[in-house]
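Have a look at the structure below, then the notes.
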Amino acid sequence: MHYWLFKSEPTCFSIDDLSRQPKQIMHWDGVRNYQVRNMMRDEIKKGDHLFFYHSSCLPPGIVGIAEVVKEAYPDFTSWDIQSDHFDPKSTPENPRWLMVDIKLVKKFSRLISLEEIKHHSKLKNMQVTRKGNRLSITPVTPAEWKVIMEMSA
DNA sequence: GCCAACGTTGGC
DNA sequence: GCCAACGTTGGC
């Protein structure tokens, strides 16, 4: 099992939005970056766990955990002309973009802020702390997972 | 709103 | 295949 960190802007889709979905499951659509798409295609498996991270808000940070319940399949918003994520080069016959389904596991009782993560000696190297890291999904090591789980308790 | 980082595009 | 221009992300 692998661990990940998924970023979302809470004004767009927050952990509370996830908790209100039927069965608390949502498809993770809108990825339009090849590195992230390939990660979903090749590495993100059913049963993997992820930190749900709120970005572009104050304060940014980890707000809970979710689980992958469906592996990569075509992102149907890519050929929906109404969608903000419409891509004319992607079609149902030849889909260019992928998504996975995630299910809420738990919302943390408090937010673990980026500030806190940056200052923790064991989390300093987490990809999310690095300047210019703009990937919406990044891998998390088991050691990092454990530390954050302890902080959230 | 600013700006750094960096991916993508397109002319050559 | 290079690289400048441009767009997007996301912290601050």
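Numbering starts fresh at 1 for the residues of each chain in the structure tokens, the chains themselves are lettered A, B, ... in the order given, and ligands are numbered from 1 as they appear.
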
Inset, instruction - Show which residues sit within 9 Å of A:Lys23, as a VMD selection string. Count only C-alpha atoms (C1' of nucleotides), and ignore same-chain residues fewer than 4 positions away. - result: chain A and resid 19 103 to 104

Go ahead and save the picked residues with N, CA and C atoms, as a PDB file, in the first residue's frame.
```pdb
ATOM      1  N   SER A  19     -17.406  14.730   2.363  1.00  0.00           N
ATOM      2  CA  SER A  19     -18.219  14.042   3.374  1.00  0.00           C
ATOM      3  C   SER A  19     -19.705  14.065   3.028  1.00  0.00           C
ATOM      4  N   LYS A 103     -12.625   7.815  -1.204  1.00  0.00           N
ATOM      5  CA  LYS A 103     -13.671   7.747  -0.184  1.00  0.00           C
ATOM      6  C   LYS A 103     -13.107   8.313   1.109  1.00  0.00           C
ATOM      7  N   LEU A 104     -13.895   9.141   1.758  1.00  0.00           N
ATOM      8  CA  LEU A 104     -13.455   9.736   3.028  1.00  0.00           C
ATOM      9  C   LEU A 104     -13.211   8.653   4.068  1.00  0.00           C
TER      10      LEU A 104
END
```

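Here is the contact set of chain C against chain A, at 12 Å and counting only C-alpha atoms (C1' of nucleotides): DT8, DT9, DG10, DG11 and DC12 of chain C.
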
Could you please take those selected residues and save N, CA and C atoms (P, O5', C5', C4', C3', O3' and C1' of nucleotides) as an mmCIF file, in the first residue's frame?
```cif
data_model
loop_
_atom_site.group_PDB
_atom_site.id
_atom_site.type_symbol
_atom_site.label_atom_id
_atom_site.label_comp_id
_atom_site.auth_asym_id
_atom_site.auth_seq_id
_atom_site.Cartn_x
_atom_site.Cartn_y
_atom_site.Cartn_z
ATOM 1 P P DT C 8 -4.204 29.692 -17.881
ATOM 2 O "O5'" DT C 8 -3.429 28.910 -16.740
ATOM 3 C "C5'" DT C 8 -2.930 27.612 -17.018
ATOM 4 C "C4'" DT C 8 -2.310 27.067 -15.756
ATOM 5 C "C3'" DT C 8 -3.168 27.286 -14.498
ATOM 6 O "O3'" DT C 8 -3.198 26.044 -13.827
ATOM 7 C "C1'" DT C 8 -0.991 28.148 -14.157
ATOM 8 P P DT C 9 -4.109 25.828 -12.538
ATOM 9 O "O5'" DT C 9 -3.037 25.744 -11.367
ATOM 10 C "C5'" DT C 9 -1.946 24.853 -11.493
ATOM 11 C "C4'" DT C 9 -0.991 25.154 -10.361
ATOM 12 C "C3'" DT C 9 -1.674 25.282 -8.992
ATOM 13 O "O3'" DT C 9 -1.032 24.322 -8.164
ATOM 14 C "C1'" DT C 9 -0.202 27.099 -9.383
ATOM 15 P P DG C 10 -1.666 23.891 -6.789
ATOM 16 O "O5'" DG C 10 -1.068 24.962 -5.797
ATOM 17 C "C5'" DG C 10 0.325 24.943 -5.512
ATOM 18 C "C4'" DG C 10 0.632 26.144 -4.691
ATOM 19 C "C3'" DG C 10 -0.406 26.415 -3.587
ATOM 20 O "O3'" DG C 10 0.310 26.712 -2.417
ATOM 21 C "C1'" DG C 10 -0.036 28.347 -4.818
ATOM 22 P P DG C 11 -0.227 26.466 -0.978
ATOM 23 O "O5'" DG C 11 0.870 27.244 -0.159
ATOM 24 C "C5'" DG C 11 2.255 27.060 -0.492
ATOM 25 C "C4'" DG C 11 2.978 28.371 -0.287
ATOM 26 C "C3'" DG C 11 2.629 29.076 1.016
ATOM 27 O "O3'" DG C 11 3.830 29.567 1.580
ATOM 28 C "C1'" DG C 11 2.220 30.532 -0.801
ATOM 29 P P DC C 12 3.955 29.966 3.109
ATOM 30 O "O5'" DC C 12 3.760 31.540 3.050
ATOM 31 C "C5'" DC C 12 4.776 32.327 2.427
ATOM 32 C "C4'" DC C 12 4.216 33.673 2.113
ATOM 33 C "C3'" DC C 12 3.441 34.313 3.255
ATOM 34 O "O3'" DC C 12 4.333 35.076 4.072
ATOM 35 C "C1'" DC C 12 2.522 34.788 1.084
#
```

Legend entry - Residues within 12 Å of stretch 91-96 of chain A, only C-alpha atoms (C1' of nucleotides), excluding chain neighbours under 5 positions, as a ChimeraX atom specification: /A:30-34,37-38,41,72-81,86

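In this structure, atom CA of A:Ile117 sits 21.6 Å away from atom CA of A:Asp48.
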
Inset, instruction - Could you please determine the separation between atom CA of A:Phe6 and atom C1' of B:DC3 in Å, to one decimal place? - result: 24.2 Å
